[in-house]
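Student: Pasting model_17.cif below, which is mmCIF, C-alpha atoms and all ligand atoms.
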data_coords
#
loop_
_atom_site.label_atom_id
_atom_site.label_comp_id
_atom_site.auth_asym_id
_atom_site.auth_seq_id
_atom_site.Cartn_x
_atom_site.Cartn_y
_atom_site.Cartn_z
CA MET A 32 186.10 58.58 39.74
CA ASP A 33 183.07 57.65 37.58
CA SER A 34 181.70 60.22 35.14
CA SER A 35 178.82 61.37 37.40
CA ALA A 36 181.31 61.99 40.24
CA ASN A 37 183.48 63.93 37.79
CA ARG A 38 180.46 66.01 36.79
CA ARG A 39 179.62 66.74 40.41
CA VAL A 40 183.23 67.84 41.08
CA ALA A 41 183.18 70.00 37.94
CA THR A 42 179.85 71.60 38.94
CA LEU A 43 181.14 72.31 42.43
CA ALA A 44 184.38 73.76 41.06
CA ALA A 45 182.46 75.98 38.62
CA HIS A 46 180.22 77.14 41.45
CA LEU A 47 183.20 78.00 43.67
CA GLY A 48 184.89 79.67 40.71
CA ALA A 49 181.80 81.78 40.14
CA ILE A 50 181.79 82.78 43.80
CA HIS A 51 185.41 83.79 43.59
CA ARG A 52 184.85 85.76 40.39
CA THR A 53 181.94 87.70 41.86
CA PRO A 54 183.16 91.29 42.44
CA THR A 55 183.02 91.30 46.22
CA ALA A 56 184.78 93.42 48.82
CA ALA A 57 187.65 90.92 48.66
CA HIS A 58 188.37 92.06 45.10
CA LYS A 59 188.31 95.79 45.85
CA PRO A 60 191.57 97.40 46.94
CA PRO A 61 191.43 98.49 50.57
CA GLY A 62 189.71 101.85 50.98
CA PHE A 63 190.50 104.57 53.50
CA THR A 64 188.74 107.55 55.01
CA VAL A 65 190.61 110.77 54.28
CA ALA A 66 189.90 114.32 55.48
CA VAL A 67 191.19 117.57 54.01
CA LEU A 68 191.23 120.47 56.49
CA GLY A 69 191.24 123.76 54.58
CA ALA A 70 189.44 122.13 51.65
CA ALA A 71 187.94 125.38 50.29
CA GLY A 72 191.33 127.02 49.78
CA GLY A 73 193.74 127.41 46.90
CA ILE A 74 195.42 124.08 47.66
CA GLY A 75 192.40 122.44 49.29
CA GLN A 76 190.14 122.54 46.23
CA PRO A 77 192.41 120.93 43.63
CA LEU A 78 193.76 118.56 46.29
CA SER A 79 190.22 117.43 47.08
CA LEU A 80 189.58 116.82 43.39
CA LEU A 81 192.76 114.75 43.04
CA LEU A 82 191.98 112.73 46.17
CA LYS A 83 188.45 112.06 44.86
CA ARG A 84 190.11 110.21 41.99
CA CYS A 85 192.49 108.26 44.23
CA PRO A 86 191.50 104.58 44.05
CA LEU A 87 192.44 103.97 47.70
CA VAL A 88 190.02 106.58 49.08
CA ASP A 89 186.65 105.20 50.16
CA GLU A 90 185.38 108.28 51.93
CA LEU A 91 186.51 111.88 51.48
CA ARG A 92 185.64 114.49 54.12
CA LEU A 93 186.14 118.10 53.06
CA TYR A 94 186.33 120.56 55.97
CA ASP A 95 186.89 124.32 56.09
CA VAL A 96 185.96 127.19 58.37
CA VAL A 97 184.09 128.77 55.46
CA PRO A 98 180.74 127.43 54.19
CA LEU A 99 182.19 126.99 50.69
CA ALA A 100 183.37 123.55 51.91
CA ALA A 101 179.87 122.24 51.22
CA GLY A 102 179.95 123.61 47.67
CA VAL A 103 183.39 122.19 46.99
CA ALA A 104 182.17 118.80 48.25
CA ALA A 105 179.03 118.96 46.06
CA ASP A 106 181.15 119.84 43.03
CA VAL A 107 183.83 117.20 43.59
CA SER A 108 181.26 114.53 44.47
CA HIS A 109 180.02 114.43 40.86
CA VAL A 110 183.31 112.93 39.67
CA ASN A 111 182.56 109.27 39.03
CA SER A 112 185.07 107.59 41.29
CA ARG A 113 184.94 105.39 44.36
CA ALA A 114 185.17 107.94 47.18
CA ARG A 115 181.95 109.09 48.83
CA THR A 116 182.44 112.82 49.41
CA ARG A 117 180.95 115.02 52.11
CA GLY A 118 181.51 118.63 53.11
CA PHE A 119 181.79 119.97 56.66
CA HIS A 120 182.20 123.53 57.84
CA GLY A 121 182.75 125.31 61.13
CA PRO A 122 184.09 123.98 64.43
CA ASP A 123 180.81 122.24 65.31
CA GLN A 124 181.16 119.95 62.33
CA LEU A 125 184.88 119.30 62.75
CA PRO A 126 184.44 116.24 65.03
CA HIS A 127 182.16 114.65 62.40
CA ALA A 128 184.72 115.37 59.68
CA LEU A 129 187.48 113.72 61.69
CA SER A 130 185.96 110.77 63.46
CA GLY A 131 187.08 107.47 61.92
CA CYS A 132 189.65 109.10 59.62
CA ASP A 133 192.71 107.10 58.56
CA LEU A 134 194.54 110.07 57.03
CA VAL A 135 194.12 113.81 57.62
CA VAL A 136 195.75 116.26 55.20
CA ILE A 137 196.10 119.82 56.53
CA PRO A 138 196.51 122.76 54.10
CA ALA A 139 194.56 125.18 56.37
CA GLY A 140 196.17 128.56 56.94
CA VAL A 141 197.25 131.75 55.24
CA PRO A 142 199.73 131.82 52.34
CA ARG A 143 202.65 134.22 51.76
CA LYS A 144 202.60 137.48 49.84
CA PRO A 145 205.70 138.89 48.10
CA GLY A 146 208.33 140.03 50.60
CA MET A 147 207.22 137.63 53.34
CA THR A 148 209.08 134.63 54.68
CA ARG A 149 207.26 131.44 55.63
CA ASP A 150 208.08 132.23 59.23
CA ASP A 151 206.01 135.44 58.89
CA LEU A 152 202.98 133.11 58.66
CA PHE A 153 203.70 131.63 62.10
CA LYS A 154 201.60 134.22 63.93
CA ILE A 155 198.39 133.05 62.26
CA ASN A 156 199.08 129.50 61.16
CA ALA A 157 200.62 128.23 64.41
CA GLY A 158 197.30 128.64 66.21
CA ILE A 159 195.31 127.19 63.31
CA VAL A 160 197.45 124.05 63.21
CA ARG A 161 197.48 123.71 67.01
CA ASP A 162 193.67 123.86 67.17
CA LEU A 163 193.10 121.50 64.26
CA VAL A 164 195.59 118.95 65.59
CA THR A 165 194.02 119.21 69.05
CA ASN A 166 190.80 118.06 67.39
CA CYS A 167 192.61 115.28 65.52
CA ALA A 168 194.06 114.05 68.83
CA LYS A 169 190.54 113.90 70.23
CA HIS A 170 188.50 112.58 67.32
CA CYS A 171 190.93 110.49 65.22
CA PRO A 172 193.92 109.78 67.49
CA ASP A 173 195.16 106.93 65.27
CA ALA A 174 195.08 108.86 62.01
CA ILE A 175 198.19 109.69 60.01
CA LEU A 176 198.61 113.47 59.66
CA ASN A 177 200.11 115.19 56.60
CA VAL A 178 200.87 118.82 57.51
CA ILE A 179 201.13 121.27 54.60
CA SER A 180 200.47 124.59 56.43
CA ASN A 181 203.53 126.84 56.67
CA PRO A 182 205.95 127.28 58.26
CA VAL A 183 206.26 123.47 58.06
CA ASN A 184 209.55 123.62 60.01
CA SER A 185 207.49 124.87 62.98
CA THR A 186 203.96 123.54 62.38
CA VAL A 187 205.10 119.90 62.48
CA PRO A 188 206.80 120.34 65.90
CA ILE A 189 203.63 122.13 67.05
CA ALA A 190 201.55 119.14 65.96
CA ALA A 191 203.95 116.75 67.73
CA GLU A 192 203.70 118.65 71.01
CA VAL A 193 199.90 118.85 70.83
CA LEU A 194 199.65 115.11 70.19
CA ARG A 195 202.20 114.38 72.92
CA ALA A 196 200.26 116.49 75.43
CA ALA A 197 197.11 114.55 74.52
CA GLY A 198 199.00 111.27 75.06
CA VAL A 199 198.52 110.06 71.48
CA TYR A 200 201.78 111.04 69.77
CA ASP A 201 203.15 108.40 67.43
CA PRO A 202 206.11 109.83 65.46
CA LYS A 203 205.48 107.33 62.66
CA LYS A 204 202.15 109.03 61.95
CA LEU A 205 203.17 112.67 61.74
CA MET A 206 204.62 113.94 58.46
CA GLY A 207 205.34 117.41 57.13
CA VAL A 208 204.76 117.48 53.39
CA THR A 209 207.97 118.43 51.54
CA HIS A 210 207.17 116.60 48.34
CA LEU A 211 206.85 119.85 46.36
CA ASP A 212 210.57 120.49 46.95
CA VAL A 213 211.26 117.06 45.48
CA MET A 214 209.00 117.73 42.47
CA ARG A 215 210.77 121.04 41.87
CA ALA A 216 214.19 119.39 42.10
CA ARG A 217 213.12 116.72 39.61
CA THR A 218 211.76 119.37 37.22
CA PHE A 219 214.60 121.90 37.42
CA VAL A 220 217.40 119.31 37.25
CA SER A 221 215.83 117.38 34.38
CA ASP A 222 215.27 120.66 32.47
CA ALA A 223 218.91 121.65 32.95
CA LYS A 224 220.31 118.23 32.06
CA ALA A 225 217.80 117.00 29.45
CA LEU A 226 216.68 114.07 31.65
CA ASP A 227 213.22 112.56 32.09
CA PRO A 228 211.44 114.49 34.91
CA THR A 229 209.15 111.53 35.59
CA SER A 230 211.89 109.04 36.39
CA ILE A 231 214.71 111.14 37.84
CA ASP A 232 215.52 110.82 41.56
CA VAL A 233 216.95 113.86 43.38
CA PRO A 234 216.89 113.61 47.19
CA VAL A 235 215.96 116.85 48.98
CA VAL A 236 216.63 116.89 52.71
CA GLY A 237 216.49 119.26 55.69
CA GLY A 238 213.36 121.34 56.06
CA HIS A 239 210.94 123.43 54.02
CA ALA A 240 212.19 127.04 53.96
CA GLY A 241 215.08 128.73 52.14
CA ILE A 242 218.47 127.31 53.04
CA THR A 243 216.91 124.49 55.05
CA ILE A 244 215.85 122.97 51.70
CA LEU A 245 218.96 121.01 50.65
CA PRO A 246 218.93 119.14 47.33
CA LEU A 247 221.53 116.37 47.14
CA LEU A 248 222.55 116.76 43.52
CA SER A 249 225.53 114.44 44.02
CA GLN A 250 223.00 111.60 44.49
CA CYS A 251 220.96 112.40 41.38
CA LYS A 252 219.88 109.24 39.56
CA PRO A 253 220.49 108.85 36.71
CA PHE A 254 223.62 110.93 37.25
CA PRO A 255 223.96 113.31 34.27
CA LYS A 256 226.82 112.78 31.83
CA GLY A 257 229.60 115.19 32.79
CA GLY A 258 228.04 115.78 36.22
CA PHE A 259 227.31 119.25 37.60
CA SER A 260 229.82 122.10 37.57
CA ALA A 261 230.14 124.08 40.80
CA GLY A 262 228.22 126.92 39.13
CA GLU A 263 225.41 124.60 38.03
CA CYS A 264 225.20 123.11 41.51
CA ALA A 265 224.92 126.56 43.09
CA ALA A 266 222.32 127.78 40.56
CA LEU A 267 220.13 124.67 40.78
CA THR A 268 220.33 124.59 44.58
CA ASP A 269 219.33 128.26 44.73
CA ARG A 270 216.37 127.74 42.37
CA ILE A 271 215.10 124.70 44.29
CA GLN A 272 215.47 126.54 47.61
CA ASN A 273 213.56 129.53 46.26
CA GLY A 274 210.96 127.75 44.10
CA GLY A 275 208.20 128.81 46.48
CA THR A 276 209.26 132.46 46.31
CA GLU A 277 209.37 132.24 42.50
CA VAL A 278 205.64 131.34 42.53
CA VAL A 279 204.74 133.88 45.24
CA GLU A 280 206.34 136.65 43.16
CA ALA A 281 204.75 135.45 39.91
CA LYS A 282 201.32 135.47 41.59
CA ALA A 283 202.05 139.03 42.75
CA GLY A 284 200.04 139.06 45.97
CA ALA A 285 197.37 136.51 45.00
CA GLY A 286 198.93 133.69 47.03
CA SER A 287 201.56 130.99 46.75
CA ALA A 288 201.84 127.63 45.01
CA THR A 289 198.45 125.92 44.98
CA LEU A 290 198.22 123.72 41.88
CA SER A 291 201.71 122.20 42.02
CA MET A 292 201.23 121.83 45.79
CA ALA A 293 197.93 120.03 45.32
CA ALA A 294 199.64 117.67 42.87
CA ALA A 295 202.48 117.11 45.36
CA ALA A 296 200.15 116.59 48.33
CA ALA A 297 197.94 114.18 46.39
CA GLU A 298 200.92 112.17 45.16
CA PHE A 299 202.31 112.04 48.70
CA ALA A 300 198.95 111.11 50.26
CA HIS A 301 198.57 108.36 47.69
CA ALA A 302 202.00 107.01 48.65
CA VAL A 303 201.00 107.06 52.34
CA LEU A 304 197.80 105.14 51.51
CA ARG A 305 199.74 102.63 49.40
CA GLY A 306 201.95 101.98 52.41
CA MET A 307 198.89 101.65 54.64
CA ALA A 308 197.40 99.19 52.16
CA GLY A 309 200.43 96.94 52.57
CA GLU A 310 202.43 97.83 49.44
CA ARG A 311 206.12 97.26 50.05
CA ASN A 312 209.03 99.55 49.28
CA VAL A 313 207.08 102.79 49.16
CA VAL A 314 209.76 105.45 49.64
CA GLU A 315 209.04 109.19 49.59
CA HIS A 316 210.40 112.30 51.32
CA ALA A 317 208.83 113.85 54.42
CA PHE A 318 209.71 116.13 57.35
CA VAL A 319 209.48 113.76 60.32
CA GLU A 320 210.87 113.12 63.78
CA SER A 321 214.40 112.00 63.08
CA THR A 322 217.77 111.20 64.61
CA LEU A 323 219.72 111.63 61.36
CA VAL A 324 221.27 114.97 62.33
CA PRO A 325 222.17 115.59 65.97
CA GLY A 326 220.40 118.68 67.32
CA LEU A 327 217.65 118.57 64.69
CA PRO A 328 214.84 116.43 66.12
CA PHE A 329 212.78 116.91 62.95
CA PHE A 330 214.34 116.57 59.53
CA ALA A 331 213.18 115.93 55.97
CA SER A 332 214.64 112.88 54.27
CA LYS A 333 213.58 109.82 52.39
CA VAL A 334 211.29 107.66 54.49
CA LYS A 335 209.93 104.17 53.94
CA LEU A 336 206.15 104.13 54.32
CA GLY A 337 204.25 101.14 55.66
CA ARG A 338 200.99 100.05 57.25
CA SER A 339 201.27 102.45 60.18
CA GLY A 340 203.16 105.32 58.58
CA VAL A 341 206.91 105.89 58.62
CA GLU A 342 208.51 102.46 58.91
CA LYS A 343 212.04 103.70 58.50
CA VAL A 344 213.89 106.99 58.17
CA VAL A 345 216.39 106.44 55.35
CA GLY A 346 219.97 107.66 55.91
CA LEU A 347 221.46 110.63 54.08
CA GLY A 348 224.10 108.72 52.12
CA LYS A 349 227.41 110.30 51.13
CA LEU A 350 227.29 114.10 50.82
CA SER A 351 229.52 116.25 48.61
CA ASP A 352 231.58 118.96 50.29
CA ALA A 353 229.10 121.63 49.14
CA GLU A 354 226.20 119.59 50.57
CA LYS A 355 228.05 119.13 53.87
CA LYS A 356 228.42 122.92 54.02
CA GLY A 357 224.73 123.35 53.18
CA LEU A 358 223.78 120.97 55.99
CA GLN A 359 225.98 122.86 58.43
CA ALA A 360 224.56 126.21 57.28
CA MET A 361 220.92 125.24 57.84
CA LYS A 362 221.34 123.90 61.37
CA SER A 363 220.80 127.10 63.29
CA GLU A 364 217.73 128.21 61.30
CA LEU A 365 216.07 124.80 61.25
CA GLY A 366 216.81 124.16 64.93
CA GLY A 367 215.39 127.59 65.82
CA SER A 368 212.18 127.00 63.83
CA ILE A 369 211.69 123.59 65.44
CA ARG A 370 212.15 125.07 68.92
CA LYS A 371 209.87 127.98 68.12
CA GLY A 372 207.06 125.59 67.17
CA ALA A 373 207.57 123.33 70.16
CA ASP A 374 207.77 126.30 72.53
CA PHE A 375 204.57 127.73 71.11
CA ALA A 376 202.69 124.50 71.61
CA ARG A 377 204.02 124.09 75.14
CA ALA A 378 203.64 127.65 76.30
CA GLY A 379 200.50 128.67 74.45
CA THR A 380 200.19 132.10 72.96
CA ALA A 381 202.59 133.74 75.43
CA VAL A 382 205.47 133.01 73.09
CA LEU A 383 203.86 135.10 70.33
CA THR A 384 204.32 138.26 72.29
CA SER A 385 208.07 137.75 72.61
CA PRO A 386 210.28 139.33 69.95
CA LYS A 387 212.69 136.38 70.01
CA PRO A 388 210.78 133.40 71.31
CA ALA A 389 213.27 130.75 70.23
CA ALA A 390 216.12 132.45 72.06
CA ARG A 391 214.07 133.29 75.14
CA LEU A 392 212.71 129.81 75.84
CA ALA A 393 215.18 126.99 75.69
CA ALA A 394 213.25 123.84 74.85
CA PRO A 395 214.49 120.40 75.80
CA ALA A 396 215.29 118.19 72.80
CA LEU A 397 212.19 116.66 71.26
CA GLY A 398 211.77 112.97 70.91
CA ALA A 399 214.29 112.25 73.65
P1 LIG B 401 194.32 129.67 51.01
O1 LIG B 401 194.18 130.91 51.80
O2 LIG B 401 193.94 129.70 49.57
O3 LIG B 401 193.47 128.50 51.68
C1 LIG B 401 193.54 128.21 53.03
C2 LIG B 401 192.21 127.65 53.47
O4 LIG B 401 192.32 127.34 54.86
C3 LIG B 401 191.04 128.64 53.32
O5 LIG B 401 189.98 128.02 52.64
C4 LIG B 401 190.66 128.96 54.75
O6 LIG B 401 189.26 129.22 54.92
C5 LIG B 401 191.09 127.68 55.45
N1 LIG B 401 191.24 127.82 56.90
C6 LIG B 401 191.75 128.85 57.60
N2 LIG B 401 191.70 128.57 58.92
C7 LIG B 401 191.13 127.35 59.02
C8 LIG B 401 190.79 126.52 60.12
N3 LIG B 401 191.02 126.90 61.37
N4 LIG B 401 190.23 125.34 59.86
C9 LIG B 401 190.00 124.95 58.59
N5 LIG B 401 190.29 125.68 57.51
C10 LIG B 401 190.85 126.87 57.73
O7 LIG B 401 195.84 129.17 51.18
P2 LIG B 401 196.60 128.05 50.33
O8 LIG B 401 197.23 128.68 49.16
O9 LIG B 401 195.70 126.90 50.14
O10 LIG B 401 197.80 127.68 51.35
C11 LIG B 401 197.52 127.06 52.57
C12 LIG B 401 198.78 126.85 53.38
O11 LIG B 401 199.65 125.92 52.71
C13 LIG B 401 199.62 128.11 53.59
O12 LIG B 401 200.09 128.15 54.90
C14 LIG B 401 200.78 127.93 52.63
O13 LIG B 401 201.92 128.64 53.01
C15 LIG B 401 200.98 126.45 52.72
N6 LIG B 401 201.73 125.85 51.62
C16 LIG B 401 202.61 124.85 51.94
C17 LIG B 401 203.32 124.22 50.94
C18 LIG B 401 204.29 123.11 51.28
O14 LIG B 401 205.11 122.77 50.44
N7 LIG B 401 204.21 122.50 52.45
C19 LIG B 401 203.17 124.62 49.60
C20 LIG B 401 202.26 125.63 49.31
C21 LIG B 401 201.55 126.25 50.34
C1 LIG B 402 206.08 126.58 48.55
O1 LIG B 402 207.19 126.09 48.70
O2 LIG B 402 205.59 126.84 47.44
C2 LIG B 402 205.23 126.86 49.75
O3 LIG B 402 205.95 126.65 50.92
C3 LIG B 402 204.55 128.18 49.72
C4 LIG B 402 205.49 129.35 49.91
O4 LIG B 402 205.16 130.23 50.71
O5 LIG B 402 206.52 129.40 49.25
#
Could you render the structure from this file as structure tokens?
Ligand code: NAD
Ligand code: LMR

Tutor:
Amino acid sequence: MDSSANRRVATLAAHLGAIHRTPTAAHKPPGFTVAVLGAAGGIGQPLSLLLKRCPLVDELRLYDVVPLAAGVAADVSHVNSRARTRGFHGPDQLPHALSGCDLVVIPAGVPRKPGMTRDDLFKINAGIVRDLVTNCAKHCPDAILNVISNPVNSTVPIAAEVLRAAGVYDPKKLMGVTHLDVMRARTFVSDAKALDPTSIDVPVVGGHAGITILPLLSQCKPFPKGGFSAGECAALTDRIQNGGTEVVEAKAGAGSATLSMAAAAAEFAHAVLRGMAGERNVVEHAFVESTLVPGLPFFASKVKLGRSGVEKVVGLGKLSDAEKKGLQAMKSELGGSIRKGADFARAGTAVLTSPKPAARLAAPALGA
């Protein structure tokens, strides 16, 4: 090539280079539309703030039944990050909050007071979750749902039945958020064994209430020098299972975990969005439709997250004898809570008037 041809090639290359260096949409990470339902609440507010700072959120919709949603949105919107933020309140605005959403996070509902179990919240929260998910089925049927509202062991089966009845149920897209149990396990075990809480891995499987929360200490990585004595195992398991109650009692009637839960929900939502954006090997814990344990059609375990939600439910691995006993012990309670939720969604409010709904209505196995 003569020198003028070389110059022309160089000019063209520089021009193309400049085009490719221009900060265009191609250079931005993919962005998603995310809604928080219950955004004015104890979890909803800090969760909304954390999601505003999530680099994968393009648009943040903050919905609540109370008008404060608009104020929370105005407040959060001043944080200089990518997500455009809007507030919505009341059932009339719910369709606008949901339409086009990629991910819907649901912390709407009442929290526990001292002396209550999570199941005591069923009476109020079951209907709230049913109605919100009915709207999701209608206005964003392809969205991934992250259910936080308690009792998670029942609200997730409720959501599944509502979506199934609407003909839009995709088990890969429905997840109960159990990440706070995992955070607690990481914190309590690393405190007890002088390990790094930010890099420790402690699987927590089962469900999200009392004995249904089963930490698998035998699979802790790194495994602590000298292991865990039987007494340590029992004490740590008990603390992880009752971490929620510890906070409820410390707050003495003012609610349950909100800040740690917001951190957990934001971290989990971010992982879901990373999977949706095409990142590989995103593995977190969630309460999902599962065939890992016969008789328990929903179960919390590690799951691999991908473009359309749960790509794979990861197996339980080898359990210690104590963990095998723990798994056996939870079966009746977790199975009953799953049936109670499914029955409620199928039968409407009739089940609420029965003293023992789970026993009265035998539900066919879910996900069959
Ligand atoms: P909160 O009372 O502070 O906030 C709940 C919010 O939900 C309120 O702003 C309320 O107005 C709103 N709300 C009620 N009904 C609604 C509806 N139909 N549509 C939209 N919004 C509605 O309670 P919180 O402390 O934020 O807890 C919320 C729920 O999360 C509780 O059920 C609690 O038990 C549960 N929780 C779950 C976990 C978990 O690990 N999964 C952890 C902590 C709390
Ligand atoms: C938690 O684990 O903190 C939540 O489920 C709230 C509760 O009622 O304990």

Student: Kindly assemble as CSV a list of the region 188-216 of chain A residues that lie within 10 Å of region 159-170 of chain A, each paired with its nearest atom pair and their distance in Å to one decimal, using all atoms listed in the file, sorted first by chain and then by ascending residue number.

Tutor:
residue,atom,partner,partner_atom,distance
A:Pro188,CA,A:Arg161,CA,10.0
A:Ile189,CA,A:Arg161,CA,6.3
A:Ala190,CA,A:Val164,CA,6.0
A:Ala191,CA,A:Val164,CA,8.9
A:Glu192,CA,A:Arg161,CA,9.0
A:Val193,CA,A:Thr165,CA,6.2
A:Leu194,CA,A:Ala168,CA,5.8
A:Arg195,CA,A:Ala168,CA,9.1
A:Ala196,CA,A:Thr165,CA,9.3
A:Ala197,CA,A:Ala168,CA,6.5
A:Gly198,CA,A:Ala168,CA,8.4
A:Val199,CA,A:Ala168,CA,6.5
A:Tyr200,CA,A:Ala168,CA,8.3

Student: Just the selected residues (C-alpha atoms), exported as a compact mmCIF listing (two decimals), in the frame of the given file, please.

Tutor:
# COMPACT_ATOMS: atom_id res chain seq x y z
CA PRO A 188 206.80 120.34 65.90
CA ILE A 189 203.63 122.13 67.05
CA ALA A 190 201.55 119.14 65.96
CA ALA A 191 203.95 116.75 67.73
CA GLU A 192 203.70 118.65 71.01
CA VAL A 193 199.90 118.85 70.83
CA LEU A 194 199.65 115.11 70.19
CA ARG A 195 202.20 114.38 72.92
CA ALA A 196 200.26 116.49 75.43
CA ALA A 197 197.11 114.55 74.52
CA GLY A 198 199.00 111.27 75.06
CA VAL A 199 198.52 110.06 71.48
CA TYR A 200 201.78 111.04 69.77

Student: Considering only C-alpha atoms, can you say which of A:Ala283, A:Leu290, A:Ile155, A:Leu129 comes closest to Gly72 (chain A)?

Tutor: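 Checking each of A:Ala283, A:Leu290, A:Ile155, A:Leu129 against Gly72 (chain A), counting only C-alpha atoms, the winner is A:Leu290.
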
Student: Name the closest residue to ligand LIG 402 (chain B) among the candidates A:Asp95, A:Asp133, A:Asp123, A:Glu280; distances are taken between atoms, counting all atoms listed in the file.

Tutor: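 Looking at the shortest contact to ligand LIG 402 (chain B), the residue is A:Glu280.
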
Student: Counting all atoms listed in the file, which of A:Ser287, A:Ser249, A:Thr148, A:Asn273 gets nearest to ligand LIG 401 (chain B)?

Tutor: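 Comparing A:Ser287, A:Ser249, A:Thr148, A:Asn273 against ligand LIG 401 (chain B), the winner is A:Ser287.
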
Student: Using all atoms listed in the file, determine which residues lie at most 7 Å from Val135 (chain A), disregarding the query and same-chain residues fewer than 3 positions distant; provide the list as a short mmCIF file (atom, residue, chain, number, x, y, z; two decimals) with C-alpha atoms, in the coordinates of the input.

Tutor:
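selection38.cif was written with the following content:
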data_model
loop_
_atom_site.label_atom_id
_atom_site.label_comp_id
_atom_site.auth_asym_id
_atom_site.auth_seq_id
_atom_site.Cartn_x
_atom_site.Cartn_y
_atom_site.Cartn_z
CA VAL A 65 190.61 110.77 54.28
CA ALA A 66 189.90 114.32 55.48
CA VAL A 67 191.19 117.57 54.01
CA CYS A 132 189.65 109.10 59.62
CA ALA A 174 195.08 108.86 62.01
CA ILE A 175 198.19 109.69 60.01
CA LEU A 176 198.61 113.47 59.66
CA ASN A 177 200.11 115.19 56.60
#

Student: Between A:Gly131, A:Pro86, A:Gly262, A:Gly274, which is the closest to ligand LIG 401 (chain B) once you count all atoms listed in the file?

Tutor: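 Among A:Gly131, A:Pro86, A:Gly262, A:Gly274, it is A:Gly274 that comes nearest to ligand LIG 401 (chain B).
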
Student: Given the point (218.5, 128.1, 52.3) in the coordinates of this file, which residues lie within 8 Å, counting only C-alpha atoms, and how would they look as a list of chain:residue names?

Tutor: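 Answer for this query, in the requested form: A:Ala240, A:Gly241, A:Ile242, A:Thr243, A:Ile244, A:Leu245, A:Asp269, A:Gln272, A:Asn273, A:Gly357, A:Met361.
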
Student: Write out as a list in words the residues lying within 8 Å of Ala300 (chain A), counting only C-alpha atoms and excluding same-chain residues fewer than 3 positions away.

Tutor: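 The contact residues come out as Val136, Asn177, Ala296, Ala297, Val303 and Leu304 of chain A.
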
Student: Do you know which residues are within 6 Å of ligand LIG 402 (chain B) using all atoms listed in the file? Can you write them as a PyMOL selection string?

Tutor: chain A and resi 142-143+149+275-276+287-288

Student: Would you pick out the contacts of Lys333 (chain A) at 8 Å or less, using only C-alpha atoms, so that residues sharing its chain but fewer than 6 positions from it are not included, and give the list as a list in words?

Tutor: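 Surrounding residues, per the criterion: Pro234, Val236, Val314, Glu315, His316, Ala317, Val344, Val345 and Gly346 of chain A.
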
Student: Please determine, counting all atoms listed in the file, which residue among A:Ala265, A:Gly379, A:Gly238, A:Lys204 has the shortest atom-to-atom distance to Lys362 (chain A).

Tutor: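 Distance minimum relative to Lys362 (chain A) lands on A:Gly238.
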
Student: Find the spatial neighbours of Glu320 (chain A), counting all atoms listed in the file, within a cut-off of 7 Å - ignore same-chain residues fewer than 4 positions away - and output them as a list in words.

Tutor: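 In the requested format, the answer is Pro202, Pro328, Phe329 and Phe330 of chain A.
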
Student: Find the spatial neighbours of Thr64 (chain A), counting all atoms listed in the file, within a cut-off of 7 Å - ignore same-chain residues fewer than 4 positions away - and output them as a PyMOL selection string.

Tutor: chain A and resi 88-91+132-134

Student: One number please: CA of Phe63 (chain A) to CA of His127 (chain A), in Å, one decimal.

Tutor: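 Value for the CA of Phe63 (chain A)-CA of His127 (chain A) distance: 15.8 Å.
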
Student: Name the residues within 10 Å of (207.5, 104.3, 59.6), counting only C-alpha atoms in the file's coordinates, and put them as a list in words.

Tutor: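 Returned residue set, sorted by chain then number, is Asp201, Pro202, Lys203, Lys204, Leu205, Gly306, Val319, Val334, Lys335, Leu336, Gly337, Arg338, Ser339, Gly340, Val341, Glu342, Lys343 and Val344 of chain A.
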
Student: Looking at A:Ala308, A:Leu82, A:Ile137, A:Val313, which one is nearest to ligand LIG 401 (chain B), with distances taken over all atoms listed in the file?

Tutor: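 Counting all atoms listed in the file, the residue closest to ligand LIG 401 (chain B) is A:Ile137.
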
Student: Which distance in Å separates CA of Leu327 (chain A) and CA of Leu347 (chain A), to one decimal?

Tutor: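 A separation of 13.8 Å between them.
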
Student: Please measure the separation of CA of Glu354 (chain A) and CA of Ser185 (chain A), giving the value in Å to one decimal.

Tutor: 23.1 Å
